[in-house]
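Participant: Structure file my_file25.cif, mmCIF, C-alpha atoms, is pasted below:
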```cif
data_entry
loop_
_atom_site.label_atom_id
_atom_site.label_comp_id
_atom_site.auth_asym_id
_atom_site.auth_seq_id
_atom_site.Cartn_x
_atom_site.Cartn_y
_atom_site.Cartn_z
CA MET A 1377 93.45 129.94 227.95
CA ASP A 1378 96.16 131.87 226.14
CA SER A 1379 96.88 135.00 228.14
CA LEU A 1380 97.49 137.09 225.00
CA SER A 1381 94.35 136.07 223.15
CA TYR A 1382 92.27 138.86 224.64
CA LYS A 1383 94.82 141.67 224.50
CA THR A 1384 94.11 144.62 222.24
CA ILE A 1385 96.87 145.07 219.71
CA SER A 1386 97.82 148.68 219.04
CA ALA A 1387 99.61 149.32 215.76
CA ASN A 1388 102.70 151.51 215.60
CA ALA A 1389 105.22 152.52 212.95
CA SER A 1390 107.24 149.31 213.28
CA THR A 1391 104.30 146.88 213.14
CA VAL A 1392 102.31 148.47 210.30
CA THR A 1393 102.43 146.99 206.80
CA LYS A 1394 101.91 149.71 204.22
CA GLU A 1395 100.89 148.99 200.64
CA TRP A 1396 100.60 151.11 197.49
CA VAL A 1397 97.21 151.41 195.79
CA VAL A 1398 96.14 153.13 192.57
CA ILE A 1399 92.72 154.72 192.19
CA ASP A 1400 91.44 155.96 188.83
CA ALA A 1401 89.43 159.17 189.25
CA THR A 1402 87.85 159.06 185.78
CA ASN A 1403 84.15 160.04 186.04
CA GLU A 1404 84.19 159.79 189.85
CA VAL A 1405 82.34 162.33 191.99
CA LEU A 1406 84.91 164.42 193.87
CA GLY A 1407 83.52 164.11 197.40
CA ARG A 1408 82.87 160.38 197.20
CA LEU A 1409 86.35 159.82 195.78
CA ALA A 1410 87.97 161.96 198.47
CA SER A 1411 86.18 160.23 201.34
CA GLN A 1412 87.32 156.79 200.16
CA VAL A 1413 90.88 158.00 199.62
CA ALA A 1414 90.92 159.57 203.11
CA LYS A 1415 89.68 156.29 204.59
CA ILE A 1416 92.54 154.36 202.94
CA LEU A 1417 95.14 156.98 203.92
CA ARG A 1418 93.97 156.85 207.52
CA GLY A 1419 93.94 153.02 207.56
CA LYS A 1420 90.28 152.69 208.55
CA ASN A 1421 89.81 149.91 205.99
CA LYS A 1422 92.20 147.64 207.94
CA PRO A 1423 91.45 145.58 211.04
CA SER A 1424 94.64 146.94 212.68
CA TYR A 1425 93.44 150.57 212.59
CA THR A 1426 94.87 152.69 215.39
CA PRO A 1427 93.68 156.31 215.68
CA HIS A 1428 97.01 157.82 216.76
CA ALA A 1429 99.26 156.00 214.27
CA ASP A 1430 99.97 156.24 210.55
CA CYS A 1431 98.67 152.79 209.64
CA GLY A 1432 97.18 153.63 206.23
CA ASP A 1433 98.42 152.86 202.74
CA TYR A 1434 100.06 155.01 200.10
CA VAL A 1435 97.44 156.16 197.57
CA ILE A 1436 98.10 157.15 193.96
CA VAL A 1437 95.20 158.96 192.27
CA ILE A 1438 95.45 159.10 188.48
CA ASN A 1439 93.31 161.02 185.96
CA ALA A 1440 92.52 163.77 188.48
CA GLU A 1441 91.59 166.06 185.59
CA LYS A 1442 88.58 163.84 184.77
CA VAL A 1443 86.88 164.11 188.17
CA LYS A 1444 83.22 165.21 188.24
CA LEU A 1445 81.22 167.49 190.46
CA THR A 1446 77.45 167.12 190.76
CA GLY A 1447 74.94 169.79 189.92
CA ASN A 1448 76.25 173.25 189.03
CA LYS A 1449 79.22 173.07 191.40
CA MET A 1450 81.76 173.22 188.58
CA THR A 1451 80.87 176.88 187.98
CA LYS A 1452 78.93 177.96 191.11
CA LYS A 1453 81.25 176.68 193.88
CA ILE A 1454 83.83 179.23 194.98
CA TYR A 1455 87.27 178.57 196.53
CA THR A 1456 88.52 181.59 198.48
CA ARG A 1457 92.15 182.31 199.35
CA HIS A 1458 94.03 185.34 200.61
CA THR A 1459 97.40 186.64 199.45
CA GLY A 1460 98.18 188.19 202.83
CA TYR A 1461 98.10 191.74 201.53
CA PRO A 1462 95.28 194.26 202.09
CA GLY A 1463 92.52 193.63 199.57
CA GLY A 1464 94.19 190.36 198.64
CA GLN A 1465 91.16 188.08 198.66
CA ARG A 1466 91.07 185.89 195.53
CA TYR A 1467 88.26 183.69 194.25
CA ALA A 1468 88.31 180.75 191.86
CA THR A 1469 85.88 178.05 190.70
CA PRO A 1470 86.64 174.35 190.27
CA ALA A 1471 86.59 174.88 186.50
CA ASP A 1472 89.40 177.44 186.89
CA TYR A 1473 91.48 175.03 188.95
CA LEU A 1474 90.92 172.14 186.53
CA ALA A 1475 92.31 174.35 183.75
CA LYS A 1476 95.34 175.59 185.74
CA LYS A 1477 96.17 172.89 188.31
CA PRO A 1478 94.00 169.76 187.94
CA THR A 1479 95.43 167.99 191.00
CA PHE A 1480 94.36 170.78 193.38
CA LEU A 1481 90.71 169.72 193.64
CA VAL A 1482 91.47 166.16 194.76
CA GLU A 1483 94.26 167.24 197.14
CA LYS A 1484 92.10 169.91 198.81
CA ALA A 1485 89.08 167.61 199.15
CA VAL A 1486 91.16 164.84 200.75
CA LYS A 1487 93.00 167.29 203.01
CA GLY A 1488 89.68 168.54 204.36
CA MET A 1489 88.72 164.99 205.35
CA LEU A 1490 91.91 164.25 207.30
CA PRO A 1491 92.67 165.32 210.88
CA LYS A 1492 93.96 168.88 211.32
CA THR A 1493 96.98 167.69 213.35
CA ARG A 1494 100.57 166.61 212.80
CA LEU A 1495 99.23 163.15 211.96
CA GLY A 1496 96.99 164.62 209.27
CA GLU A 1497 99.94 166.44 207.71
CA LYS A 1498 101.95 163.19 207.71
CA LEU A 1499 99.06 161.26 206.16
CA LEU A 1500 98.77 163.83 203.37
CA THR A 1501 102.36 163.06 202.31
CA ASN A 1502 101.20 159.51 201.54
CA LEU A 1503 98.87 160.85 198.82
CA LYS A 1504 100.18 161.19 195.26
CA VAL A 1505 97.84 162.85 192.73
CA TYR A 1506 98.51 162.97 188.98
CA ALA A 1507 96.48 164.69 186.28
CA GLY A 1508 97.11 162.05 183.60
CA ALA A 1509 97.05 158.26 183.49
CA GLU A 1510 100.82 157.88 184.04
CA HIS A 1511 102.59 157.84 187.41
CA PRO A 1512 106.26 157.28 188.36
CA HIS A 1513 105.57 154.70 191.10
CA ALA A 1514 105.65 151.51 189.04
CA ALA A 1515 108.60 150.19 191.10
CA GLN A 1516 106.37 149.97 194.19
CA ASN A 1517 104.06 147.49 192.40
CA PRO A 1518 100.82 149.27 193.36
CA LYS A 1519 97.58 147.36 193.15
CA THR A 1520 94.63 148.91 191.35
CA ILE A 1521 91.40 149.11 193.29
CA LYS A 1522 87.94 150.26 192.30
CA LEU A 1523 86.02 152.61 194.59
CA ASN A 1524 82.86 150.53 194.58
CA GLU A 1525 84.81 147.53 195.95
CA ILE A 1526 86.00 149.35 199.09
CA LYS A 1527 84.03 148.61 202.23
#
```
With the file now loaded, output its structure as structure tokens.
Facilitator:
Amino acid sequence: MDSLSYKTISANASTVTKEWVVIDATNEVLGRLASQVAKILRGKNKPSYTPHADCGDYVIVINAEKVKLTGNKMTKKIYTRHTGYPGGQRYATPADYLAKKPTFLVEKAVKGMLPKTRLGEKLLTNLKVYAGAEHPHAAQNPKTIKLNEIK
């Protein structure tokens, strides 16, 4: 019997193969899109997944301005932030953010589904979100995947 056949392989930065993938957010529900993107960023769709390592792929999300929210969330959901000054609490709806900064909704949803550690911050740098259909990463030869094909 081969002595290495039963050893658990733990991925690290030197053994991981990272790819570039493109996901089109047109008419996708925000939460379902974000959970699939977070899974790919984390590397949970690969057999070599290691919890403490960055073994996920680079993800490019295009058409972020065309993302959907179910029900009345586009106008009823509230995002709260604080300026840091007294009385500095500010409120905005997803419709406000889609008008001003369309990439914010996807970035915030994915960020909330990643670990709140140094690894999570590193994984978030592997996410590229664009409002339109164009992206500047053609040189990386990204492959296009559909959300309903991800397992």
Participant: Can you pull out every residue within 9 Å of Lys1504 of chain A, counting all atoms listed in the file, but drop anything in the same chain fewer than 4 positions away, and send it as a ChimeraX atom specification?
Facilitator: /A:1434-1438,1483,1500,1511
Participant: Any idea what the distance is between atom CA of Ala1389 of chain A and atom CA of Asn1502 of chain A?
Facilitator: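 Distance reported for this atom pair: 14.0 Å.
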Participant: Point out the residue among A:Asn1403, A:Ser1386, A:Gln1412, A:Thr1520 with the least atom-to-atom distance to Val1443 of chain A, counting only C-alpha atoms.
Facilitator: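 With only C-alpha atoms as the atom set, the closest residue is A:Asn1403.
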Participant: Assuming the chain letters and numbering stay as they are in my file, what does the PyMOL selection byres ((chain A and resi 1505) around 12) actually select? List them as a PDB file with C-alpha atoms, in the coordinates of the input.
Facilitator:
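Saved the output as result.pdb:
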```
ATOM      1  CA  VAL A1397      97.210 151.410 195.790  1.00  0.00           C
ATOM      2  CA  VAL A1398      96.140 153.130 192.570  1.00  0.00           C
ATOM      3  CA  ILE A1399      92.720 154.720 192.190  1.00  0.00           C
ATOM      4  CA  ASP A1400      91.440 155.960 188.830  1.00  0.00           C
ATOM      5  CA  ALA A1401      89.430 159.170 189.250  1.00  0.00           C
ATOM      6  CA  ALA A1410      87.970 161.960 198.470  1.00  0.00           C
ATOM      7  CA  VAL A1413      90.880 158.000 199.620  1.00  0.00           C
ATOM      8  CA  TYR A1434     100.060 155.010 200.100  1.00  0.00           C
ATOM      9  CA  VAL A1435      97.440 156.160 197.570  1.00  0.00           C
ATOM     10  CA  ILE A1436      98.100 157.150 193.960  1.00  0.00           C
ATOM     11  CA  VAL A1437      95.200 158.960 192.270  1.00  0.00           C
ATOM     12  CA  ILE A1438      95.450 159.100 188.480  1.00  0.00           C
ATOM     13  CA  ASN A1439      93.310 161.020 185.960  1.00  0.00           C
ATOM     14  CA  ALA A1440      92.520 163.770 188.480  1.00  0.00           C
ATOM     15  CA  GLU A1441      91.590 166.060 185.590  1.00  0.00           C
ATOM     16  CA  VAL A1443      86.880 164.110 188.170  1.00  0.00           C
ATOM     17  CA  LYS A1477      96.170 172.890 188.310  1.00  0.00           C
ATOM     18  CA  PRO A1478      94.000 169.760 187.940  1.00  0.00           C
ATOM     19  CA  THR A1479      95.430 167.990 191.000  1.00  0.00           C
ATOM     20  CA  PHE A1480      94.360 170.780 193.380  1.00  0.00           C
ATOM     21  CA  LEU A1481      90.710 169.720 193.640  1.00  0.00           C
ATOM     22  CA  VAL A1482      91.470 166.160 194.760  1.00  0.00           C
ATOM     23  CA  GLU A1483      94.260 167.240 197.140  1.00  0.00           C
ATOM     24  CA  LYS A1484      92.100 169.910 198.810  1.00  0.00           C
ATOM     25  CA  ALA A1485      89.080 167.610 199.150  1.00  0.00           C
ATOM     26  CA  VAL A1486      91.160 164.840 200.750  1.00  0.00           C
ATOM     27  CA  LEU A1500      98.770 163.830 203.370  1.00  0.00           C
ATOM     28  CA  THR A1501     102.360 163.060 202.310  1.00  0.00           C
ATOM     29  CA  ASN A1502     101.200 159.510 201.540  1.00  0.00           C
ATOM     30  CA  LEU A1503      98.870 160.850 198.820  1.00  0.00           C
ATOM     31  CA  LYS A1504     100.180 161.190 195.260  1.00  0.00           C
ATOM     32  CA  TYR A1506      98.510 162.970 188.980  1.00  0.00           C
ATOM     33  CA  ALA A1507      96.480 164.690 186.280  1.00  0.00           C
ATOM     34  CA  GLY A1508      97.110 162.050 183.600  1.00  0.00           C
ATOM     35  CA  ALA A1509      97.050 158.260 183.490  1.00  0.00           C
ATOM     36  CA  GLU A1510     100.820 157.880 184.040  1.00  0.00           C
ATOM     37  CA  HIS A1511     102.590 157.840 187.410  1.00  0.00           C
ATOM     38  CA  PRO A1512     106.260 157.280 188.360  1.00  0.00           C
ATOM     39  CA  HIS A1513     105.570 154.700 191.100  1.00  0.00           C
TER      40      HIS A1513
END
```
Participant: Around all the atoms of segment 1453-1457 of chain A listed in the file, with 4 Å of room on each side, what axis-aligned box do you get, giving centre and edge lengths in Å to one decimal, as AutoDock Vina command-line options?
Facilitator:
```
--center_x 86.7 --center_y 179.5 --center_z 196.6 --size_x 18.9 --size_y 13.6 --size_z 13.5
```
Participant: Run the PyMOL selection byres ((chain A and resi 1496) around 12) on the file and write out the hits as a VMD selection string.
Facilitator: chain A and resid 1414 1417 to 1418 1427 to 1432 1486 to 1495 1497 to 1503
Participant: Do you know which residues the PyMOL selection byres ((chain A and resi 1404) around 9) returns on this file, as a PyMOL selection string?
Facilitator: chain A and resi 1400-1403+1405-1409+1442-1445+1523
Participant: Work out how far apart atom CA of Ser1411 of chain A and atom CA of His1458 of chain A are and give it in Å to one decimal.
Facilitator: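 Between these atoms lies a distance of 26.3 Å.
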Participant: Expressed in Å to a single decimal, how great is the separation between atom CA of Pro1462 of chain A and atom CA of Lys1449 of chain A?
Facilitator: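 Interatomic distance, atom CA of Pro1462 of chain A to atom CA of Lys1449 of chain A: 28.7 Å.
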